[in-house]
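Structure below is data.txt: compact mmCIF, C-alpha atoms.
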# COMPACT_ATOMS: atom_id res chain seq x y z
CA MET A 1 8.45 33.83 42.48
CA SER A 2 8.11 33.56 46.24
CA LEU A 3 10.35 31.46 48.47
CA TYR A 4 7.42 29.11 49.12
CA GLN A 5 6.93 28.52 45.38
CA ILE A 6 10.64 27.87 44.90
CA LYS A 7 10.63 25.29 47.70
CA SER A 8 7.44 23.74 46.33
CA GLU A 9 8.90 23.35 42.84
CA ALA A 10 12.19 22.04 44.20
CA LEU A 11 10.47 19.36 46.28
CA LYS A 12 7.95 18.35 43.60
CA PRO A 13 10.05 15.47 42.15
CA PHE A 14 10.42 13.99 45.62
CA ARG A 15 6.69 14.24 46.27
CA ASP A 16 5.95 12.59 42.93
CA LEU A 17 8.40 9.81 43.74
CA GLN A 18 6.82 9.34 47.15
CA ASN A 19 3.33 9.18 45.64
CA HIS A 20 4.52 6.67 43.04
CA GLN A 21 6.09 4.51 45.75
CA LEU A 22 2.92 4.73 47.83
CA HIS A 23 0.82 3.70 44.82
CA ALA A 24 3.18 0.83 44.10
CA SER A 25 3.03 -0.23 47.74
CA ASN A 26 -0.77 -0.17 47.74
CA SER A 27 -0.83 -2.13 44.49
CA LYS A 28 1.51 -4.66 46.02
CA ILE A 29 -0.86 -5.17 48.95
CA GLY A 30 -3.78 -6.05 46.66
CA SER A 31 -1.73 -8.25 44.36
CA LYS A 32 -2.12 -11.98 43.96
CA SER A 33 -0.30 -14.59 41.98
CA SER A 34 -1.09 -14.65 38.27
CA PHE A 35 -2.09 -18.28 38.76
CA SER A 36 -4.97 -17.19 41.02
CA ILE A 37 -7.02 -16.34 37.93
CA LEU A 38 -6.71 -19.84 36.46
CA PRO A 39 -9.39 -21.62 38.57
CA SER A 40 -12.14 -19.26 37.37
CA THR A 41 -10.73 -19.54 33.84
CA ALA A 42 -11.01 -23.32 34.05
CA VAL A 43 -14.66 -23.01 35.12
CA PHE A 44 -15.44 -20.80 32.13
CA LEU A 45 -13.57 -23.22 29.85
CA LEU A 46 -15.77 -26.08 31.04
CA ILE A 47 -18.90 -23.99 30.50
CA GLN A 48 -17.61 -22.98 27.08
CA GLY A 49 -17.05 -26.60 26.09
CA GLY A 50 -20.48 -27.67 27.29
CA LEU A 51 -22.27 -24.84 25.50
CA THR A 52 -20.28 -25.45 22.32
CA LEU A 53 -21.38 -29.09 22.28
CA LEU A 54 -24.97 -28.06 22.96
CA LEU A 55 -25.19 -25.31 20.36
CA GLN A 56 -23.67 -27.34 17.53
CA TYR A 57 -26.87 -29.39 17.36
CA PHE A 58 -28.93 -26.31 16.53
CA THR A 59 -29.05 -25.58 12.82
CA VAL A 60 -30.31 -22.25 11.51
CA GLU A 61 -33.47 -23.91 10.19
CA LEU A 62 -34.17 -25.57 13.54
CA ILE A 63 -33.56 -22.36 15.48
CA PHE A 64 -36.09 -20.36 13.47
CA LEU A 65 -38.65 -23.15 13.82
CA LEU A 66 -38.56 -22.77 17.59
CA PRO A 67 -41.61 -21.18 19.23
CA ARG A 68 -41.12 -17.58 20.24
CA TYR A 69 -40.54 -18.32 23.93
CA GLN A 70 -37.96 -21.01 23.12
CA PHE A 71 -36.26 -18.76 20.58
CA SER A 72 -35.91 -16.01 23.19
CA LEU A 73 -34.55 -18.50 25.71
CA PHE A 74 -32.09 -19.70 23.09
CA GLY A 75 -31.11 -16.06 22.61
CA LEU A 76 -30.28 -15.66 26.29
CA VAL A 77 -28.16 -18.81 26.13
CA CYS A 78 -26.33 -17.40 23.11
CA GLY A 79 -25.74 -14.14 24.96
CA PHE A 80 -24.26 -16.08 27.86
CA TYR A 81 -22.14 -18.08 25.41
CA MET A 82 -20.83 -14.84 23.96
CA GLN A 83 -19.89 -13.66 27.43
CA VAL A 84 -18.18 -16.96 28.28
CA ASN A 85 -16.02 -16.83 25.15
CA MET A 86 -14.93 -13.28 25.94
CA GLU A 87 -14.30 -14.20 29.58
CA VAL A 88 -11.96 -17.04 28.60
CA GLY A 89 -9.96 -14.87 26.21
CA ASN A 90 -9.80 -11.98 28.67
CA ARG A 91 -8.62 -14.16 31.56
CA PHE A 92 -5.94 -15.90 29.52
CA LEU A 93 -4.72 -12.52 28.30
CA ILE A 94 -4.50 -11.24 31.88
CA PHE A 95 -2.71 -14.40 33.01
CA PHE A 96 0.01 -14.31 30.35
CA SER A 97 0.37 -10.52 30.51
CA THR A 98 0.83 -10.41 34.27
CA LEU A 99 3.11 -13.43 34.14
CA CYS A 100 5.39 -11.80 31.57
CA LEU A 101 5.11 -8.11 32.47
CA CYS A 102 4.38 -8.02 36.20
CA GLY A 103 6.55 -10.78 37.55
CA GLY A 104 3.63 -13.12 38.05
CA GLU A 105 1.60 -10.68 40.17
CA TYR A 106 -2.03 -9.94 39.37
CA ASN A 107 -3.90 -6.95 40.77
CA LYS A 108 -7.59 -6.82 39.88
CA ASP A 109 -7.63 -3.02 40.24
CA GLU A 110 -5.03 -2.68 37.50
CA TRP A 111 -6.07 -5.59 35.26
CA HIS A 112 -9.82 -5.27 34.89
CA LEU A 113 -12.04 -8.14 33.83
CA LEU A 114 -14.34 -7.41 30.90
CA PHE A 115 -17.47 -8.45 32.77
CA ASN A 116 -18.69 -7.91 36.30
CA GLU A 117 -20.97 -10.90 36.89
CA PRO A 118 -23.83 -9.72 34.65
CA TRP A 119 -26.07 -12.53 35.88
CA LYS A 120 -26.33 -10.61 39.17
CA SER A 121 -27.87 -7.54 37.52
CA THR A 122 -30.91 -6.18 39.31
CA SER A 123 -31.77 -3.51 36.74
CA LEU A 124 -31.11 -2.69 33.11
CA THR A 125 -29.09 0.30 34.26
CA ASP A 126 -26.96 -1.98 36.40
CA PHE A 127 -26.58 -4.46 33.54
CA TRP A 128 -25.50 -1.99 30.86
CA SER A 129 -23.51 0.50 32.91
CA LYS A 130 -21.59 -1.77 35.28
CA ARG A 131 -21.88 -5.47 34.55
CA TRP A 132 -21.88 -6.08 30.79
CA HIS A 133 -18.55 -5.63 29.01
CA GLN A 134 -17.16 -2.09 29.10
CA ILE A 135 -15.01 -2.24 25.95
CA PHE A 136 -16.64 0.81 24.39
CA ARG A 137 -17.47 2.63 27.61
CA GLU A 138 -14.91 5.41 27.21
CA ILE A 139 -15.91 5.93 23.58
CA TRP A 140 -19.62 6.22 24.40
CA VAL A 141 -18.95 8.50 27.36
CA SER A 142 -16.64 10.78 25.37
CA LEU A 143 -18.69 10.96 22.17
CA ALA A 144 -22.21 10.92 23.55
CA TYR A 145 -22.71 11.09 27.30
CA ARG A 146 -20.45 14.01 28.26
CA PRO A 147 -21.33 16.30 25.32
CA LEU A 148 -25.05 15.73 25.83
CA ARG A 149 -24.79 16.16 29.58
CA SER A 150 -23.18 19.56 29.04
CA LEU A 151 -26.01 20.57 26.69
CA MET A 152 -28.99 19.03 28.47
CA ARG A 153 -30.10 19.41 32.05
CA ASN A 154 -32.14 16.22 32.32
CA LYS A 155 -30.38 12.90 32.77
CA PHE A 156 -32.38 11.01 30.17
CA GLY A 157 -30.83 12.63 27.10
CA PRO A 158 -27.22 11.54 27.73
CA SER A 159 -28.28 7.95 28.41
CA LEU A 160 -30.42 7.93 25.27
CA GLY A 161 -27.50 9.33 23.28
CA VAL A 162 -25.25 6.46 24.36
CA PHE A 163 -27.78 3.86 23.20
CA VAL A 164 -28.35 5.71 19.91
CA LEU A 165 -24.63 5.68 19.22
CA SER A 166 -24.37 2.01 20.19
CA GLY A 167 -27.30 1.14 17.95
CA ILE A 168 -25.73 2.93 14.98
CA MET A 169 -22.40 1.18 15.58
CA HIS A 170 -24.02 -2.26 15.72
CA GLU A 171 -26.03 -1.52 12.58
CA TYR A 172 -22.76 -0.69 10.83
CA VAL A 173 -21.10 -3.88 12.09
CA ILE A 174 -23.92 -6.07 10.77
CA TRP A 175 -24.09 -4.12 7.50
CA THR A 176 -20.37 -4.64 6.85
CA ALA A 177 -19.83 -8.13 8.28
CA LEU A 178 -23.18 -9.85 7.74
CA TYR A 179 -24.80 -7.83 4.96
CA PRO A 180 -26.84 -10.72 3.44
CA PHE A 181 -28.51 -11.19 6.83
CA TRP A 182 -28.89 -7.51 7.68
CA THR A 183 -32.37 -6.22 8.40
CA PRO A 184 -32.20 -2.40 8.50
CA GLY A 185 -33.03 -0.99 11.89
CA GLU A 186 -33.11 -4.28 13.78
CA GLN A 187 -30.00 -3.61 15.87
CA PHE A 188 -31.02 0.00 16.37
CA LEU A 189 -34.45 -1.09 17.60
CA PHE A 190 -32.87 -3.40 20.16
CA PHE A 191 -30.80 -0.61 21.67
CA MET A 192 -33.71 1.84 21.60
CA LEU A 193 -35.74 -0.67 23.58
CA GLN A 194 -32.89 -0.90 26.10
CA ALA A 195 -32.84 2.89 26.31
CA ALA A 196 -36.59 2.92 26.93
CA GLY A 197 -36.16 0.39 29.73
CA VAL A 198 -33.33 2.37 31.34
CA ILE A 199 -35.29 5.64 31.12
CA LEU A 200 -38.33 3.93 32.63
CA GLU A 201 -36.16 2.81 35.54
CA LYS A 202 -34.92 6.36 36.03
CA LEU A 203 -38.49 7.68 35.98
CA LEU A 204 -39.61 5.14 38.55
CA GLY A 205 -36.55 5.91 40.64
CA GLN A 206 -37.47 9.60 40.63
CA SER A 207 -41.13 9.02 41.47
CA LYS A 208 -42.13 9.77 45.04
CA LEU A 209 -45.05 7.36 44.69
CA ILE A 210 -42.70 4.37 44.47
CA PRO A 211 -40.22 4.14 47.37
CA HIS A 212 -36.77 2.92 46.44
CA ASN A 213 -36.95 0.04 48.92
CA MET A 214 -40.19 -1.28 47.42
CA ILE A 215 -38.51 -2.96 44.48
CA LEU A 216 -36.62 -5.91 45.85
CA SER A 217 -33.49 -7.26 44.25
CA CYS A 218 -35.19 -10.45 43.14
CA LEU A 219 -37.93 -8.52 41.37
CA GLY A 220 -35.28 -6.36 39.76
CA TRP A 221 -33.53 -9.48 38.52
CA PHE A 222 -36.74 -10.85 36.97
CA TRP A 223 -37.45 -7.46 35.41
CA THR A 224 -33.96 -7.22 33.90
CA PHE A 225 -33.78 -10.66 32.37
CA GLY A 226 -37.45 -10.69 31.48
CA PHE A 227 -36.88 -7.52 29.47
CA LEU A 228 -33.79 -8.99 27.81
CA TYR A 229 -35.70 -12.21 27.14
CA PHE A 230 -38.30 -10.39 25.06
CA THR A 231 -35.91 -8.04 23.25
CA ILE A 232 -32.79 -10.10 22.57
CA PRO A 233 -34.12 -11.73 19.34
CA TYR A 234 -33.77 -8.36 17.58
CA PHE A 235 -30.08 -8.37 18.45
CA LEU A 236 -29.29 -12.00 17.65
CA ASN A 237 -31.27 -12.54 14.43
CA PRO A 238 -28.45 -11.63 11.99
CA TYR A 239 -25.85 -13.59 13.95
CA ILE A 240 -28.03 -16.70 13.92
CA LYS A 241 -28.84 -16.31 10.22
CA GLY A 242 -25.13 -15.99 9.49
CA LYS A 243 -24.27 -19.09 11.51
CA PRO A 244 -22.08 -21.41 9.38

Output the structure of this file as structure tokens.
Amino acid sequence: MSLYQIKSEALKPFRDLQNHQLHASNSKIGSKSSFSILPSTAVFLLIQGGLTLLLQYFTVELIFLLPRYQFSLFGLVCGFYMQVNMEVGNRFLIFFSTLCLCGGEYNKDEWHLLFNEPWKSTSLTDFWSKRWHQIFREIWVSLAYRPLRSLMRNKFGPSLGVFVLSGIMHEYVIWTALYPFWTPGEQFLFFMLQAAGVILEKLLGQSKLIPHNMILSCLGWFWTFGFLYFTIPYFLNPYIKGKP
């Protein structure tokens, strides 16, 4: 072992300590009081209460009597309600955790929110990869995206693999939890449609005939939620049928 290597190994603990202190210092700079998350939590609580009062008037029979366009709109509202419930739980968890474990300091880079304002999505890719909840992200990436990316040269296969895996998982969830209301393939179809939409976006993004700056953000927003509007009934049907 050379003298340089000996010195390097001897000084390694001090470098690690310095890096840890630097990281802690940077974290400290971006930290806020745990109570800073409560105002947004209160807003979501109010929305949650309002939607709960609204949705309790919809019986299963009434919901399935709605015209198709109203049923799809109801589906989007239910999707938003699902997000709101998860937002409230997530924010309360962050509040109490940072209060008890971090001395009342909250750093958004260390305590991630489940959602990233999905209503601002300007594409399906943006919606599913960055803005909708990322609970299973690491699982999908590890089990589907990375293995397929190493085997396939095109970028469509890995994305398709993630949606296939997600579709299978949701089919299993409905089969086990809501079996009487399970329609085989319904959940899988929903995620395959999302995959088709994402792949279409990638194809259009690659096309030289359509400049990237041609599709404005507002058009992207209408495309995203228009697509979800027409496809979300496939996802929500078993949940609505199983509504108490």

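Residues in contact range of A:Ser34, defined as at most 7 Å between all atoms listed in the file, with sequence neighbours fewer than 2 positions away removed, read A:Lys32, A:Ser36, A:Ile37, A:Phe95, A:Thr98, A:Leu99, A:Gly104, A:Glu105, A:Tyr106.
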
C-alpha atoms of the current selection, written as an mmCIF file, keeping the file's coordinate frame:
data_model
loop_
_atom_site.group_PDB
_atom_site.id
_atom_site.type_symbol
_atom_site.label_atom_id
_atom_site.label_comp_id
_atom_site.auth_asym_id
_atom_site.auth_seq_id
_atom_site.Cartn_x
_atom_site.Cartn_y
_atom_site.Cartn_z
ATOM 1 C CA LYS A 32 -2.120 -11.980 43.960
ATOM 2 C CA SER A 36 -4.970 -17.190 41.020
ATOM 3 C CA ILE A 37 -7.020 -16.340 37.930
ATOM 4 C CA PHE A 95 -2.710 -14.400 33.010
ATOM 5 C CA THR A 98 0.830 -10.410 34.270
ATOM 6 C CA LEU A 99 3.110 -13.430 34.140
ATOM 7 C CA GLY A 104 3.630 -13.120 38.050
ATOM 8 C CA GLU A 105 1.600 -10.680 40.170
ATOM 9 C CA TYR A 106 -2.030 -9.940 39.370
#

Who sits within 10 Å of A:Trp111, all atoms listed in the file, same chain under 6 positions skipped, as JSON, numbers by chain
{"A": [90, 91, 93, 94, 95, 97, 98]}

From A:Gly79, A:Gly185, A:Gly49, A:Gly197, residue lying nearest A:Phe156 [all atoms listed in the file]
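Ranked by minimum distance to A:Phe156, first place goes to A:Gly197.
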
If you take every atom of stretch 90-99 of chain A that the file lists and fit an axis-aligned box around them with 3 Å extra on each side, what centre and edge lengths come out in Å to one decimal, as JSON?
{"center_x": -3.3, "center_y": -13.2, "center_z": 31.3, "size_x": 18.9, "size_y": 11.5, "size_z": 12.0}

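Remark: for A:Phe92, the closest of the candidate residues A:Phe58, A:Tyr229, A:Phe44, A:Tyr239 is A:Phe44 (distances computed over only C-alpha atoms).
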
Mind checking which residues fall within 10 Å of A:Lys120, counting all atoms listed in the file, ignoring those fewer than 3 positions away in the same chain, and posting them as a list in words?
Asn116, Glu117, Ser123, Asp126, Phe127, Arg131, Ser217, Cys218, Gly220, Trp221 and Thr224 of chain A

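You can rank A:Phe115, A:Phe235, A:Phe222, A:Phe181 by their closest distance to A:Ser166 using only C-alpha atoms, and at the top of that list sits A:Phe235.
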
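Here atom CA of A:Pro147 is placed at a distance of 28.7 Å from atom CA of A:Tyr234.
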
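Coordinates place atom CA of A:Phe136 at a distance of 20.0 Å from atom CA of A:Trp119.
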
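Rounded to one decimal, atom CA of A:Thr41 and atom CA of A:Val88 lie 5.9 Å from each other.
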
Residues within 10 Å of A:Leu114, please, as a ChimeraX atom specification. Count all atoms listed in the file; anything in the same chain fewer than 5 positions from it doesn't count.
/A:83,86-87,89-91,131-135

When distances are computed from only C-alpha atoms, which of A:Leu143, A:Val60, A:Leu51, A:Tyr81 shows the smallest separation from A:Pro238?
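Nearest to A:Pro238: A:Val60.
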
Around the point (-25.0, -4.1, 6.3), in the coordinates given by the file, pick out the residues reaching within 12 Å, counting only C-alpha atoms, and return them as an mmCIF file with C-alpha atoms, in the frame of the given file.
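Output (point-v6.cif):
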data_model
loop_
_atom_site.group_PDB
_atom_site.id
_atom_site.type_symbol
_atom_site.label_atom_id
_atom_site.label_comp_id
_atom_site.auth_asym_id
_atom_site.auth_seq_id
_atom_site.Cartn_x
_atom_site.Cartn_y
_atom_site.Cartn_z
ATOM 1 C CA ILE A 168 -25.730 2.930 14.980
ATOM 2 C CA MET A 169 -22.400 1.180 15.580
ATOM 3 C CA HIS A 170 -24.020 -2.260 15.720
ATOM 4 C CA GLU A 171 -26.030 -1.520 12.580
ATOM 5 C CA TYR A 172 -22.760 -0.690 10.830
ATOM 6 C CA VAL A 173 -21.100 -3.880 12.090
ATOM 7 C CA ILE A 174 -23.920 -6.070 10.770
ATOM 8 C CA TRP A 175 -24.090 -4.120 7.500
ATOM 9 C CA THR A 176 -20.370 -4.640 6.850
ATOM 10 C CA ALA A 177 -19.830 -8.130 8.280
ATOM 11 C CA LEU A 178 -23.180 -9.850 7.740
ATOM 12 C CA TYR A 179 -24.800 -7.830 4.960
ATOM 13 C CA PRO A 180 -26.840 -10.720 3.440
ATOM 14 C CA PHE A 181 -28.510 -11.190 6.830
ATOM 15 C CA TRP A 182 -28.890 -7.510 7.680
ATOM 16 C CA THR A 183 -32.370 -6.220 8.400
ATOM 17 C CA PRO A 184 -32.200 -2.400 8.500
ATOM 18 C CA GLY A 185 -33.030 -0.990 11.890
ATOM 19 C CA GLU A 186 -33.110 -4.280 13.780
ATOM 20 C CA GLN A 187 -30.000 -3.610 15.870
ATOM 21 C CA PRO A 238 -28.450 -11.630 11.990
#

Taking all heavy atoms as the atom set, what does stretch 225-236 of chain A look like once completed, written as a CSV table (one decimal), keeping the file's coordinate frame?
chain,number,residue,atom,x,y,z
A,225,PHE,N,-33.9,-9.6,33.3
A,225,PHE,CA,-33.8,-10.7,32.4
A,225,PHE,C,-35.1,-11.0,31.6
A,225,PHE,O,-35.1,-11.6,30.6
A,225,PHE,CB,-33.2,-11.9,33.1
A,225,PHE,CG,-31.7,-11.7,33.4
A,225,PHE,CD1,-31.4,-11.2,34.7
A,225,PHE,CD2,-30.8,-11.8,32.5
A,225,PHE,CE1,-30.1,-11.0,35.0
A,225,PHE,CE2,-29.4,-11.6,32.8
A,225,PHE,CZ,-29.1,-11.2,34.1
A,226,GLY,N,-36.2,-10.6,32.2
A,226,GLY,CA,-37.4,-10.7,31.5
A,226,GLY,C,-37.5,-9.7,30.3
A,226,GLY,O,-37.9,-10.1,29.2
A,227,PHE,N,-37.0,-8.5,30.5
A,227,PHE,CA,-36.9,-7.5,29.5
A,227,PHE,C,-35.9,-8.0,28.4
A,227,PHE,O,-36.2,-7.9,27.2
A,227,PHE,CB,-36.4,-6.2,30.1
A,227,PHE,CG,-36.6,-5.0,29.1
A,227,PHE,CD1,-37.7,-4.2,29.2
A,227,PHE,CD2,-35.6,-4.7,28.2
A,227,PHE,CE1,-37.9,-3.2,28.3
A,227,PHE,CE2,-35.8,-3.6,27.4
A,227,PHE,CZ,-36.9,-2.8,27.4
A,228,LEU,N,-34.8,-8.5,28.8
A,228,LEU,CA,-33.8,-9.0,27.8
A,228,LEU,C,-34.3,-10.2,27.1
A,228,LEU,O,-34.1,-10.4,25.9
A,228,LEU,CB,-32.5,-9.4,28.5
A,228,LEU,CG,-31.7,-8.2,29.1
A,228,LEU,CD1,-30.5,-8.7,29.9
A,228,LEU,CD2,-31.1,-7.3,27.9
A,229,TYR,N,-35.1,-11.0,27.8
A,229,TYR,CA,-35.7,-12.2,27.1
A,229,TYR,C,-36.6,-11.8,26.0
A,229,TYR,O,-36.5,-12.5,24.9
A,229,TYR,CB,-36.5,-13.0,28.2
A,229,TYR,CG,-37.4,-14.1,27.7
A,229,TYR,CD1,-36.8,-15.4,27.5
A,229,TYR,CD2,-38.7,-13.9,27.4
A,229,TYR,CE1,-37.6,-16.4,27.0
A,229,TYR,CE2,-39.5,-14.9,27.0
A,229,TYR,CZ,-38.9,-16.2,26.8
A,229,TYR,OH,-39.7,-17.2,26.3
A,230,PHE,N,-37.4,-10.8,26.1
A,230,PHE,CA,-38.3,-10.4,25.1
A,230,PHE,C,-37.6,-9.6,24.0
A,230,PHE,O,-38.2,-9.5,22.8
A,230,PHE,CB,-39.5,-9.6,25.7
A,230,PHE,CG,-40.5,-10.5,26.4
A,230,PHE,CD1,-40.5,-10.5,27.8
A,230,PHE,CD2,-41.3,-11.4,25.7
A,230,PHE,CE1,-41.4,-11.3,28.4
A,230,PHE,CE2,-42.2,-12.2,26.3
A,230,PHE,CZ,-42.3,-12.2,27.7
A,231,THR,N,-36.5,-8.9,24.2
A,231,THR,CA,-35.9,-8.0,23.2
A,231,THR,C,-34.7,-8.6,22.6
A,231,THR,O,-34.3,-8.1,21.5
A,231,THR,CB,-35.5,-6.7,23.9
A,231,THR,OG1,-34.6,-7.0,25.0
A,231,THR,CG2,-36.7,-6.0,24.5
A,232,ILE,N,-34.1,-9.6,23.1
A,232,ILE,CA,-32.8,-10.1,22.6
A,232,ILE,C,-32.9,-10.7,21.2
A,232,ILE,O,-31.9,-10.7,20.4
A,232,ILE,CB,-32.1,-11.1,23.5
A,232,ILE,CG1,-30.6,-11.2,23.2
A,232,ILE,CG2,-32.8,-12.5,23.5
A,232,ILE,CD1,-29.8,-11.9,24.3
A,233,PRO,N,-34.1,-11.2,20.7
A,233,PRO,CA,-34.1,-11.7,19.3
A,233,PRO,C,-33.8,-10.7,18.3
A,233,PRO,O,-33.2,-11.0,17.3
A,233,PRO,CB,-35.6,-12.2,19.2
A,233,PRO,CG,-36.0,-12.6,20.6
A,233,PRO,CD,-35.3,-11.6,21.5
A,234,TYR,N,-34.1,-9.4,18.5
A,234,TYR,CA,-33.8,-8.4,17.6
A,234,TYR,C,-32.3,-8.2,17.4
A,234,TYR,O,-31.8,-7.9,16.3
A,234,TYR,CB,-34.3,-7.0,18.0
A,234,TYR,CG,-35.8,-7.0,18.1
A,234,TYR,CD1,-36.5,-6.9,19.3
A,234,TYR,CD2,-36.6,-7.0,16.9
A,234,TYR,CE1,-37.9,-6.9,19.4
A,234,TYR,CE2,-38.0,-7.0,17.0
A,234,TYR,CZ,-38.6,-6.9,18.2
A,234,TYR,OH,-40.0,-6.9,18.3
A,235,PHE,N,-31.5,-8.5,18.5
A,235,PHE,CA,-30.1,-8.4,18.4
A,235,PHE,C,-29.4,-9.6,17.8
A,235,PHE,O,-28.5,-9.5,17.0
A,235,PHE,CB,-29.5,-8.2,19.9
A,235,PHE,CG,-28.0,-8.1,19.9
A,235,PHE,CD1,-27.4,-6.9,19.6
A,235,PHE,CD2,-27.3,-9.2,20.3
A,235,PHE,CE1,-26.0,-6.9,19.7
A,235,PHE,CE2,-25.9,-9.2,20.4
A,235,PHE,CZ,-25.2,-8.0,20.1
A,236,LEU,N,-30.0,-10.8,18.1
A,236,LEU,CA,-29.3,-12.0,17.6
A,236,LEU,C,-29.7,-12.5,16.3
A,236,LEU,O,-29.0,-13.3,15.7
A,236,LEU,CB,-29.6,-13.1,18.7
A,236,LEU,CG,-28.8,-13.0,20.0
A,236,LEU,CD1,-29.2,-14.1,20.9
A,236,LEU,CD2,-27.3,-13.0,19.8
